Structure formats: C-alpha cells, structure tokens
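S.K.: File follows, upload31.cif with mmCIF, C-alpha atoms (C1' of nucleotides):
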```cif
data_run
loop_
_atom_site.group_PDB
_atom_site.id
_atom_site.type_symbol
_atom_site.label_atom_id
_atom_site.label_comp_id
_atom_site.auth_asym_id
_atom_site.auth_seq_id
_atom_site.Cartn_x
_atom_site.Cartn_y
_atom_site.Cartn_z
ATOM 1 C CA MET A 1 77.093 -19.309 -49.423
ATOM 2 C CA LYS A 2 74.594 -19.473 -52.234
ATOM 3 C CA SER A 3 72.977 -16.320 -53.452
ATOM 4 C CA THR A 4 69.575 -15.585 -52.008
ATOM 5 C CA ARG A 5 68.018 -16.074 -55.413
ATOM 6 C CA LEU A 6 69.457 -19.550 -55.753
ATOM 7 C CA LEU A 7 68.424 -20.409 -52.226
ATOM 8 C CA LEU A 8 64.835 -19.298 -52.768
ATOM 9 C CA MET A 9 64.661 -21.139 -56.087
ATOM 10 C CA SER A 10 66.120 -24.275 -54.522
ATOM 11 C CA ILE A 11 63.477 -24.214 -51.814
ATOM 12 C CA TYR A 12 60.794 -23.791 -54.439
ATOM 13 C CA GLY A 13 62.231 -26.591 -56.554
ATOM 14 C CA ARG A 14 62.385 -28.925 -53.608
ATOM 15 C CA LEU A 15 58.815 -28.218 -52.543
ATOM 16 C CA TYR A 16 57.449 -28.468 -56.066
ATOM 17 C CA GLU A 17 59.283 -31.747 -56.601
ATOM 18 C CA ARG A 18 57.844 -33.101 -53.373
ATOM 19 C CA TYR A 19 54.262 -31.863 -53.587
ATOM 20 C CA GLY A 20 53.622 -30.891 -57.212
ATOM 21 C CA PRO A 21 51.264 -28.111 -58.331
ATOM 22 C CA GLN A 22 48.745 -27.145 -55.656
ATOM 23 C CA GLY A 23 45.963 -25.768 -57.843
ATOM 24 C CA TRP A 24 45.305 -22.645 -55.818
ATOM 25 C CA TRP A 25 43.024 -20.818 -55.316
ATOM 26 C CA PRO A 26 40.301 -23.403 -54.708
ATOM 27 C CA GLY A 27 37.435 -21.123 -55.794
ATOM 28 C CA VAL A 28 35.612 -21.082 -59.094
ATOM 29 C CA THR A 29 34.864 -17.395 -59.507
ATOM 30 C CA LYS A 30 36.826 -14.274 -58.612
ATOM 31 C CA THR A 31 34.160 -13.432 -56.062
ATOM 32 C CA GLU A 32 34.526 -16.834 -54.429
ATOM 33 C CA ILE A 33 38.272 -16.344 -54.169
ATOM 34 C CA MET A 34 37.822 -12.930 -52.581
ATOM 35 C CA VAL A 35 35.214 -14.156 -50.119
ATOM 36 C CA GLY A 36 37.420 -17.138 -49.285
ATOM 37 C CA ALA A 37 40.356 -14.811 -48.660
ATOM 38 C CA VAL A 38 38.385 -13.019 -45.928
ATOM 39 C CA LEU A 39 36.837 -16.153 -44.422
ATOM 40 C CA THR A 40 40.190 -17.926 -44.119
ATOM 41 C CA GLN A 41 41.738 -15.200 -41.984
ATOM 42 C CA ASN A 42 43.320 -17.056 -39.068
ATOM 43 C CA THR A 43 41.052 -19.999 -39.861
ATOM 44 C CA GLY A 44 41.500 -23.488 -41.300
ATOM 45 C CA TRP A 45 40.246 -24.035 -44.843
ATOM 46 C CA LYS A 46 37.865 -26.848 -43.894
ATOM 47 C CA ASN A 47 35.823 -24.444 -41.824
ATOM 48 C CA VAL A 48 35.857 -21.938 -44.652
ATOM 49 C CA VAL A 49 34.383 -24.524 -47.004
ATOM 50 C CA LYS A 50 31.418 -25.057 -44.664
ATOM 51 C CA ALA A 51 30.721 -21.345 -44.596
ATOM 52 C CA MET A 52 31.099 -21.018 -48.372
ATOM 53 C CA ASP A 53 28.715 -23.945 -48.920
ATOM 54 C CA ASN A 54 26.100 -22.153 -46.851
ATOM 55 C CA LEU A 55 26.509 -19.014 -48.946
ATOM 56 C CA LYS A 56 26.264 -21.006 -52.168
ATOM 57 C CA LYS A 57 23.180 -22.799 -50.947
ATOM 58 C CA TYR A 58 21.366 -19.484 -50.587
ATOM 59 C CA LYS A 59 22.832 -17.979 -53.766
ATOM 60 C CA LEU A 60 24.744 -15.376 -51.805
ATOM 61 C CA LEU A 61 28.194 -15.990 -53.209
ATOM 62 C CA ASN A 62 28.022 -12.895 -55.386
ATOM 63 C CA TYR A 63 28.383 -9.210 -54.613
ATOM 64 C CA ASN A 64 24.771 -8.213 -55.213
ATOM 65 C CA GLY A 65 23.700 -10.896 -52.766
ATOM 66 C CA LEU A 66 26.305 -10.024 -50.167
ATOM 67 C CA TYR A 67 25.477 -6.341 -50.535
ATOM 68 C CA SER A 68 21.767 -6.867 -49.955
ATOM 69 C CA VAL A 69 21.657 -9.632 -47.356
ATOM 70 C CA LYS A 70 20.995 -8.687 -43.742
ATOM 71 C CA LEU A 71 24.125 -8.571 -41.627
ATOM 72 C CA GLY A 72 22.747 -10.949 -38.991
ATOM 73 C CA ARG A 73 21.699 -13.488 -41.568
ATOM 74 C CA LEU A 74 25.095 -13.325 -43.253
ATOM 75 C CA ALA A 75 26.793 -13.814 -39.894
ATOM 76 C CA SER A 76 24.741 -16.901 -39.080
ATOM 77 C CA LEU A 77 25.528 -18.464 -42.469
ATOM 78 C CA ILE A 78 29.275 -18.036 -42.138
ATOM 79 C CA ARG A 79 29.337 -19.105 -38.501
ATOM 80 C CA PRO A 80 31.448 -22.255 -39.114
ATOM 81 C CA SER A 81 34.402 -20.163 -40.273
ATOM 82 C CA GLY A 82 34.772 -18.455 -36.885
ATOM 83 C CA TYR A 83 34.879 -14.736 -36.031
ATOM 84 C CA TYR A 84 31.568 -14.751 -37.814
ATOM 85 C CA ARG A 85 30.205 -11.394 -36.626
ATOM 86 C CA LEU A 86 33.482 -9.737 -37.544
ATOM 87 C CA LYS A 87 33.792 -11.451 -40.895
ATOM 88 C CA ALA A 88 30.168 -10.677 -41.819
ATOM 89 C CA LYS A 89 31.021 -6.997 -41.502
ATOM 90 C CA ARG A 90 34.187 -7.504 -43.530
ATOM 91 C CA LEU A 91 32.299 -9.214 -46.348
ATOM 92 C CA LYS A 92 29.788 -6.377 -46.318
ATOM 93 C CA ASN A 93 32.632 -3.869 -46.540
ATOM 94 C CA MET A 94 34.093 -5.736 -49.487
ATOM 95 C CA ALA A 95 30.720 -5.964 -51.230
ATOM 96 C CA ARG A 96 30.215 -2.225 -50.758
ATOM 97 C CA PHE A 97 33.681 -1.600 -52.131
ATOM 98 C CA MET A 98 32.995 -3.685 -55.228
ATOM 99 C CA LYS A 99 29.540 -2.278 -55.865
ATOM 100 C CA GLU A 100 30.031 1.358 -54.998
ATOM 101 C CA GLY A 101 33.725 1.629 -55.803
ATOM 102 C CA PHE A 102 33.812 -0.324 -59.022
ATOM 103 C CA GLY A 103 30.172 -0.784 -59.905
ATOM 104 C CA ASN A 104 30.792 -4.538 -59.938
ATOM 105 C CA ASN A 105 32.748 -3.878 -63.129
ATOM 106 C CA TRP A 106 35.600 -6.369 -63.457
ATOM 107 C CA LYS A 107 36.978 -4.642 -66.537
ATOM 108 C CA CYS A 108 37.346 -1.458 -64.547
ATOM 109 C CA ILE A 109 39.234 -3.416 -61.910
ATOM 110 C CA HIS A 110 41.456 -5.118 -64.429
ATOM 111 C CA ASP A 111 42.329 -1.752 -65.973
ATOM 112 C CA THR A 112 43.548 -0.413 -62.619
ATOM 113 C CA PRO A 113 47.318 -0.614 -61.927
ATOM 114 C CA THR A 114 48.335 -3.092 -59.237
ATOM 115 C CA ASP A 115 49.711 -0.548 -56.758
ATOM 116 C CA ILE A 116 46.572 1.590 -56.941
ATOM 117 C CA LEU A 117 44.383 -1.476 -56.570
ATOM 118 C CA ARG A 118 46.337 -2.633 -53.546
ATOM 119 C CA GLU A 119 45.998 0.758 -51.923
ATOM 120 C CA ARG A 120 42.245 0.739 -52.493
ATOM 121 C CA LEU A 121 41.842 -2.810 -51.198
ATOM 122 C CA MET A 122 43.835 -1.945 -48.089
ATOM 123 C CA GLY A 123 41.430 0.925 -47.532
ATOM 124 C CA VAL A 124 38.626 -1.554 -46.909
ATOM 125 C CA ASN A 125 38.210 -2.293 -43.213
ATOM 126 C CA GLY A 126 38.990 -5.984 -42.798
ATOM 127 C CA ILE A 127 41.417 -6.304 -45.692
ATOM 128 C CA GLY A 128 45.043 -6.202 -44.575
ATOM 129 C CA ASP A 129 48.342 -7.016 -46.277
ATOM 130 C CA GLU A 130 47.844 -10.720 -46.734
ATOM 131 C CA THR A 131 44.200 -10.616 -47.758
ATOM 132 C CA ALA A 132 44.862 -7.811 -50.241
ATOM 133 C CA ASP A 133 47.767 -9.672 -51.796
ATOM 134 C CA SER A 134 45.861 -12.970 -51.904
ATOM 135 C CA ILE A 135 43.116 -11.195 -53.813
ATOM 136 C CA LEU A 136 45.604 -9.514 -56.154
ATOM 137 C CA LEU A 137 47.447 -12.751 -56.871
ATOM 138 C CA TYR A 138 44.741 -15.384 -56.920
ATOM 139 C CA ALA A 139 41.669 -13.471 -58.060
ATOM 140 C CA LEU A 140 43.118 -10.655 -60.139
ATOM 141 C CA ASP A 141 46.204 -12.368 -61.630
ATOM 142 C CA ARG A 142 48.743 -9.828 -60.421
ATOM 143 C CA PRO A 143 52.285 -11.099 -59.737
ATOM 144 C CA VAL A 144 52.380 -10.239 -56.026
ATOM 145 C CA PHE A 145 53.983 -12.519 -53.456
ATOM 146 C CA VAL A 146 51.754 -13.469 -50.523
ATOM 147 C CA ALA A 147 53.539 -13.830 -47.191
ATOM 148 C CA ASP A 148 51.826 -15.446 -44.219
ATOM 149 C CA LEU A 149 52.363 -17.180 -40.899
ATOM 150 C CA TYR A 150 53.972 -20.191 -42.571
ATOM 151 C CA THR A 151 56.258 -17.990 -44.642
ATOM 152 C CA LYS A 152 57.413 -16.345 -41.451
ATOM 153 C CA ARG A 153 58.094 -19.726 -39.864
ATOM 154 C CA LEU A 154 59.975 -20.985 -42.897
ATOM 155 C CA LEU A 155 62.171 -17.895 -43.111
ATOM 156 C CA THR A 156 62.944 -17.602 -39.403
ATOM 157 C CA ARG A 157 63.294 -21.287 -38.688
ATOM 158 C CA HIS A 158 65.879 -21.643 -41.430
ATOM 159 C CA LYS A 159 67.505 -18.347 -40.496
ATOM 160 C CA ILE A 160 66.962 -16.751 -43.877
ATOM 161 C CA LEU A 161 65.614 -13.686 -42.085
ATOM 162 C CA ASN A 162 65.906 -12.499 -38.510
ATOM 163 C CA SER A 163 63.204 -13.473 -36.083
ATOM 164 C CA GLU A 164 59.787 -11.882 -36.456
ATOM 165 C CA PRO A 165 60.174 -10.153 -39.819
ATOM 166 C CA ARG A 166 57.449 -7.725 -40.788
ATOM 167 C CA TYR A 167 55.151 -8.514 -43.691
ATOM 168 C CA GLU A 168 56.878 -6.103 -46.023
ATOM 169 C CA GLU A 169 60.333 -7.516 -45.271
ATOM 170 C CA MET A 170 59.214 -11.003 -46.232
ATOM 171 C CA GLN A 171 57.509 -9.832 -49.379
ATOM 172 C CA ASN A 172 60.501 -7.715 -50.411
ATOM 173 C CA LEU A 173 62.774 -10.710 -50.059
ATOM 174 C CA PHE A 174 60.800 -12.663 -52.658
ATOM 175 C CA HIS A 175 60.100 -9.674 -54.885
ATOM 176 C CA GLY A 176 63.738 -8.646 -54.833
ATOM 177 C CA HIS A 177 65.265 -11.996 -55.653
ATOM 178 C CA LEU A 178 62.736 -13.779 -57.820
ATOM 179 C CA PRO A 179 61.323 -12.980 -61.259
ATOM 180 C CA LYS A 180 57.899 -11.342 -61.124
ATOM 181 C CA SER A 181 56.077 -14.437 -62.257
ATOM 182 C CA LEU A 182 52.394 -15.096 -61.655
ATOM 183 C CA LYS A 183 52.837 -18.852 -61.878
ATOM 184 C CA LEU A 184 55.859 -18.871 -59.567
ATOM 185 C CA TYR A 185 54.257 -16.707 -56.885
ATOM 186 C CA ASN A 186 51.019 -18.644 -57.100
ATOM 187 C CA GLU A 187 52.650 -22.036 -56.552
ATOM 188 C CA TYR A 188 55.286 -20.860 -54.112
ATOM 189 C CA HIS A 189 52.859 -19.501 -51.550
ATOM 190 C CA ALA A 190 50.605 -22.547 -51.851
ATOM 191 C CA LEU A 191 53.599 -24.873 -51.419
ATOM 192 C CA ILE A 192 54.763 -23.016 -48.314
ATOM 193 C CA VAL A 193 51.312 -23.452 -46.796
ATOM 194 C CA ARG A 194 51.367 -27.123 -47.772
ATOM 195 C CA VAL A 195 54.713 -27.872 -46.157
ATOM 196 C CA GLY A 196 53.655 -25.757 -43.195
ATOM 197 C CA HIS A 197 50.598 -27.924 -42.660
ATOM 198 C CA GLU A 198 52.687 -31.051 -42.627
ATOM 199 C CA HIS A 199 55.842 -30.018 -40.841
ATOM 200 C CA CYS A 200 55.762 -26.639 -39.198
ATOM 201 C CA ARG A 201 52.972 -26.862 -36.653
ATOM 202 C CA LYS A 202 54.208 -28.662 -33.598
ATOM 203 C CA THR A 203 57.864 -29.078 -32.810
ATOM 204 C CA PRO A 204 58.028 -32.889 -33.116
ATOM 205 C CA ARG A 205 56.490 -32.762 -36.559
ATOM 206 C CA CYS A 206 59.360 -30.632 -37.776
ATOM 207 C CA ARG A 207 61.343 -33.832 -38.205
ATOM 208 C CA GLY A 208 61.321 -35.023 -41.787
ATOM 209 C CA CYS A 209 60.965 -31.538 -43.242
ATOM 210 C CA PRO A 210 61.818 -31.814 -46.956
ATOM 211 C CA LEU A 211 64.103 -28.804 -46.624
ATOM 212 C CA ASP A 212 66.288 -30.264 -43.885
ATOM 213 C CA ASP A 213 69.205 -31.189 -46.116
ATOM 214 C CA LEU A 214 68.926 -27.953 -48.047
ATOM 215 C CA LEU A 215 69.067 -25.561 -45.133
ATOM 216 C CA PRO A 216 70.524 -25.436 -41.675
ATOM 217 C CA HIS A 217 67.572 -25.304 -39.356
ATOM 218 C CA VAL A 218 67.047 -24.383 -35.760
ATOM 219 C CA ALA A 219 64.586 -25.777 -33.280
ATOM 220 C CA HIS A 220 61.142 -24.432 -33.875
ATOM 221 C CA ARG A 221 59.285 -23.016 -30.947
ATOM 222 C CA GLY A 222 55.666 -22.956 -32.071
ATOM 223 C CA ARG A 223 54.070 -19.581 -32.523
ATOM 224 C "C1'" DG B 1 40.845 -29.881 -22.449
ATOM 225 C "C1'" DA B 2 44.637 -27.526 -24.600
ATOM 226 C "C1'" DC B 3 46.359 -25.906 -28.801
ATOM 227 C "C1'" DC B 4 45.970 -24.305 -33.404
ATOM 228 C "C1'" DA B 5 44.195 -22.084 -37.800
ATOM 229 C "C1'" DG B 6 45.875 -19.678 -45.343
ATOM 230 C "C1'" DG B 7 44.692 -12.099 -39.971
ATOM 231 C "C1'" DC B 8 43.073 -7.685 -38.857
ATOM 232 C "C1'" DA B 9 41.903 -3.496 -36.280
ATOM 233 C "C1'" DC B 10 42.435 -0.898 -32.456
ATOM 234 C "C1'" DA B 11 44.411 0.709 -27.944
ATOM 235 C "C1'" DT B 12 48.326 1.825 -25.474
ATOM 236 C "C1'" DC B 13 53.055 2.730 -24.424
ATOM 237 C "C1'" DG C 1 57.526 1.221 -34.181
ATOM 238 C "C1'" DA C 2 56.556 -2.520 -30.939
ATOM 239 C "C1'" DT C 3 53.381 -5.047 -28.115
ATOM 240 C "C1'" DG C 4 48.881 -6.679 -26.360
ATOM 241 C "C1'" DT C 5 44.013 -7.845 -26.994
ATOM 242 C "C1'" DG C 6 39.429 -9.223 -28.924
ATOM 243 C "C1'" DC C 7 37.349 -11.754 -32.322
ATOM 244 C "C1'" DA C 8 35.122 -17.704 -32.422
ATOM 245 C "C1'" DT C 9 34.379 -22.078 -34.659
ATOM 246 C "C1'" DG C 10 35.871 -26.798 -35.505
ATOM 247 C "C1'" DG C 11 39.867 -30.134 -36.081
ATOM 248 C "C1'" DT C 12 43.673 -32.695 -33.808
#
```
Would you write out, as structure tokens, the structure that this file holds?
M.R.:
Amino acid sequence: MKSTRLLLMSIYGRLYERYGPQGWWPGVTKTEIMVGAVLTQNTGWKNVVKAMDNLKKYKLLNYNGLYSVKLGRLASLIRPSGYYRLKAKRLKNMARFMKEGFGNNWKCIHDTPTDILRERLMGVNGIGDETADSILLYALDRPVFVADLYTKRLLTRHKILNSEPRYEEMQNLFHGHLPKSLKLYNEYHALIVRVGHEHCRKTPRCRGCPLDDLLPHVAHRGR
DNA sequence: GACCAGGCACATC
DNA sequence: GATGTGCATGGT
C-alpha cells in the first residue's frame, strides 16, 4: 500500500497530465473572485458568469458599489445565478465586512495572518468553510486546500476516506500529506472539479475515469 | 420533466 | 454531532 502522500501526488499527477493547468480562479480582480465565490455556491459557473456580467455592466463589481446598491436591485441583477435573494444579502454582508472591517484596505488584509483572516471571513453570514477557503486561496494567495462536493466524491468513491467525511477531515488529509504549496493547492482543487464535471456526475459517466487504473473504485451512487 | 450545480444557515432531535 | 429543510435559476 502506497503512502497517502504518494497516493495524493499520483492522483494530482494523473489529473494534471490529463487536463493541464486550469487557470483558476477565472476572475480578474480580487473582488471578482470573492463575488464569484459567493455566487457559485451550489450553482454552475455558467450561471455565475451571467450574473457577474450584469454586475459589470452596471459597474457594481466593486465593494463601494455593492455596499451602496439597493438590495432589491442587486438581487434582480444576480438572478441568473440562483438563490438570488439569499446571495444578494450575502454579497451585502461581504461588502460591509470589507468596507467596515478592513476599510477596503487590501494591504491591511494581506498583513493579517491566515488563521485570523479565516476566522473573520467565517464570521460573515453567508461565508462558510468552502467559500472562505476559496477566497483565501484564490483571491488572497494563502496556501489553503479547498474541499468541495467533488472532493468528497473522489475521496469516498475511491475509498480514500470513509463515506461522508466532514469538511475538516478532507482538508486535513491534504494539509497533512502534501506540502503547503499555493500552486499545488490551486491546481489540485481546480483539477478535481474538472474531473468531477466529466466523470463524477451520473453513474454511467463514471466509466473512463482517468483514475480507474490508479485506484480501486466502487460504484458511485450519485449524491 | 427530472436531476443537478465550484454551499450555507438554521431548526430540531 | 447528525440530519433535514429552504433557498432558485438555467443546463443536460
């Protein structure tokens, strides 16, 4: 039995070889990445893009704009991304956090230690484990592994972890066995999402998974 | 028409 | 700590 470290690196190597660098996060500014992280909660990226385009169109993809805009107007603009009333509130919460908590001062944010920052992000209503870590990794360049639905499927389907691991268990697995590398964590999460899109949705599509010869795998039962 | 998506908060046991 | 529910649009 290979060590866990070798196993995780082999999976990464196989995915990287197959798909190449993924170029995440697909947002130009830090604010765009953070807004995208909220809008993509339980939502496909294509719908997120529609919502983001609306915000761009009205010059609202910045924290001053999001802070000032009327809640109802914000909700109607992000409608395509689903849960739009909920997410409008979440974006408002995040804008308030950035403006009142950090005075929109990125230097102040970058000077804050990762664990403190994570705690503060998690204090914002609407930002949970995955959204906080996505922001830390992709917007703020902190080496934090992002675990998600696809990570859970990968780990349970290939019996690397027991069924239904908690977020922290998944994250600890990667943190504990891999070097704390920004580049590695960035690509790894994006690659897991990529292979998830292609092979881990419906059971029949699990055939042809690029990890099949690397790992024993059990039948996948959807969600 | 069913099923799914780059989750989260809150209620209840 | 575990489990259930509401939130909602657009793609397959």
S.K.: Could you give me, as CSV, a per-residue list for chain C showing, wherever an atom lies at most 9 Å from an atom of chain A, the closest pair of atoms and their distance in Å to one decimal, using only C-alpha atoms (C1' of nucleotides) and sorting by chain then residue number from low to high?
M.R.:
```
residue,atom,partner,partner_atom,distance
C:DC7,C1',A:Tyr83,CA,5.4
C:DA8,C1',A:Gly82,CA,4.5
C:DT9,C1',A:Gly82,CA,4.3
C:DG10,C1',A:Asn47,CA,6.7
C:DG11,C1',A:Gly44,CA,8.6
```
S.K.: Give me, as a list of chain:residue names, the contact residues of chain A against chain B at a cut-off of 7 Å, counting all atoms listed in the file.
M.R.: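 That gives A:Thr40, A:Gln41, A:Asn42, A:Thr43, A:Gly44, A:Gly126, A:Gly128, A:Val193 for chain A.
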S.K.: Mind telling me what the PyMOL selection byres ((chain A and resi 94) around 9) catches here, as an MDAnalysis selection string?
M.R.: chainID A and resid 34:35 63 66:67 89:93 95:99 121 124:127
S.K.: Taking the file as I've supplied it (selection: the PyMOL selection byres ((chain A and resi 17-25) around 12)), which residues are included? Please answer as a PyMOL selection string.
M.R.: (chain A and resi 9-16+26-37+40+45+134-141+182-195+198+209-211) or (chain B and resi 6)
S.K.: Determine the nearest neighbour of C:DA2 from the options A:Asp213, A:Glu169, A:Glu130, A:Glu164, counting all atoms listed in the file.
M.R.: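 Residue with the minimum atom-to-atom distance to C:DA2: A:Glu164.
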S.K.: One decimal, in Å: what's the spacing between atom CA of A:Phe145 and atom CA of A:His175?
M.R.: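 Between atom CA of A:Phe145 and atom CA of A:His175 the gap is 6.9 Å.
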S.K.: Near A:Ile160, within 10 Å and counting only C-alpha atoms (C1' of nucleotides), which residues show up once chain neighbours fewer than 5 positions away are dropped, as a JSON list (two decimals) with C-alpha atoms, keeping the file's coordinate frame?
M.R.:
```json
[["chain", "number", "residue", "atom", "x", "y", "z"],
["A", 4, "THR", "CA", 69.58, -15.58, -52.01],
["A", 7, "LEU", "CA", 68.42, -20.41, -52.23],
["A", 8, "LEU", "CA", 64.83, -19.30, -52.77],
["A", 152, "LYS", "CA", 57.41, -16.34, -41.45],
["A", 154, "LEU", "CA", 59.98, -20.98, -42.90],
["A", 155, "LEU", "CA", 62.17, -17.90, -43.11],
["A", 170, "MET", "CA", 59.21, -11.00, -46.23],
["A", 173, "LEU", "CA", 62.77, -10.71, -50.06],
["A", 215, "LEU", "CA", 69.07, -25.56, -45.13],
["A", 216, "PRO", "CA", 70.52, -25.44, -41.68],
["A", 217, "HIS", "CA", 67.57, -25.30, -39.36]]
```
S.K.: Just give me the gap between atom CA of A:His158 and atom CA of A:Gln171 in Å, one decimal is fine.
M.R.: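 Here the two named atoms are 16.5 Å from each other.
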S.K.: How many Å lie between atom CA of A:Val49 and atom CA of A:Tyr167, rounded to one decimal?
M.R.: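 Pair atom CA of A:Val49 / atom CA of A:Tyr167 returns 26.4 Å.
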S.K.: Neighbouring residues of A:Lys59 were defined as those with any atom within 12 Å, considering all atoms listed in the file; residues of the same chain fewer than 6 positions away were excluded. Please report them as JSON, numbers by chain.
M.R.: {"A": [32, 52, 53, 65, 66, 68, 69, 74, 77]}
S.K.: Please rebuild stretch 149-164 of chain A with N, CA and C atoms and give the result as a short mmCIF file (atom, residue, chain, number, x, y, z; two decimals), keeping the file's coordinate frame.
M.R.:
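Saved to out.cif:
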```cif
data_model
loop_
_atom_site.label_atom_id
_atom_site.label_comp_id
_atom_site.auth_asym_id
_atom_site.auth_seq_id
_atom_site.Cartn_x
_atom_site.Cartn_y
_atom_site.Cartn_z
N LEU A 149 51.79 -16.57 -42.09
CA LEU A 149 52.36 -17.18 -40.90
C LEU A 149 53.39 -18.25 -41.24
N TYR A 150 53.07 -19.10 -42.21
CA TYR A 150 53.97 -20.19 -42.57
C TYR A 150 55.24 -19.68 -43.25
N THR A 151 55.09 -18.61 -44.01
CA THR A 151 56.26 -17.99 -44.64
C THR A 151 57.20 -17.48 -43.56
N LYS A 152 56.61 -16.87 -42.55
CA LYS A 152 57.41 -16.34 -41.45
C LYS A 152 58.15 -17.48 -40.75
N ARG A 153 57.46 -18.59 -40.53
CA ARG A 153 58.09 -19.73 -39.86
C ARG A 153 59.22 -20.30 -40.71
N LEU A 154 58.96 -20.44 -42.00
CA LEU A 154 59.98 -20.98 -42.90
C LEU A 154 61.23 -20.12 -42.87
N LEU A 155 61.03 -18.81 -43.00
CA LEU A 155 62.17 -17.90 -43.11
C LEU A 155 62.95 -17.77 -41.80
N THR A 156 62.24 -17.77 -40.68
CA THR A 156 62.94 -17.60 -39.40
C THR A 156 63.55 -18.93 -38.95
N ARG A 157 62.81 -19.98 -39.14
CA ARG A 157 63.29 -21.29 -38.69
C ARG A 157 64.58 -21.69 -39.40
N HIS A 158 64.68 -21.32 -40.67
CA HIS A 158 65.88 -21.64 -41.43
C HIS A 158 66.86 -20.48 -41.50
N LYS A 159 66.59 -19.50 -40.65
CA LYS A 159 67.50 -18.35 -40.50
C LYS A 159 67.79 -17.60 -41.80
N ILE A 160 66.80 -17.53 -42.65
CA ILE A 160 66.96 -16.75 -43.88
C ILE A 160 66.72 -15.28 -43.55
N LEU A 161 65.82 -15.04 -42.61
CA LEU A 161 65.61 -13.69 -42.08
C LEU A 161 65.69 -13.74 -40.56
N ASN A 162 65.89 -12.57 -39.96
CA ASN A 162 65.91 -12.50 -38.51
C ASN A 162 64.53 -12.82 -37.95
N SER A 163 64.47 -13.09 -36.68
CA SER A 163 63.20 -13.47 -36.08
C SER A 163 62.17 -12.36 -36.21
N GLU A 164 60.93 -12.79 -36.37
CA GLU A 164 59.79 -11.88 -36.46
C GLU A 164 59.93 -10.79 -37.51
#
```
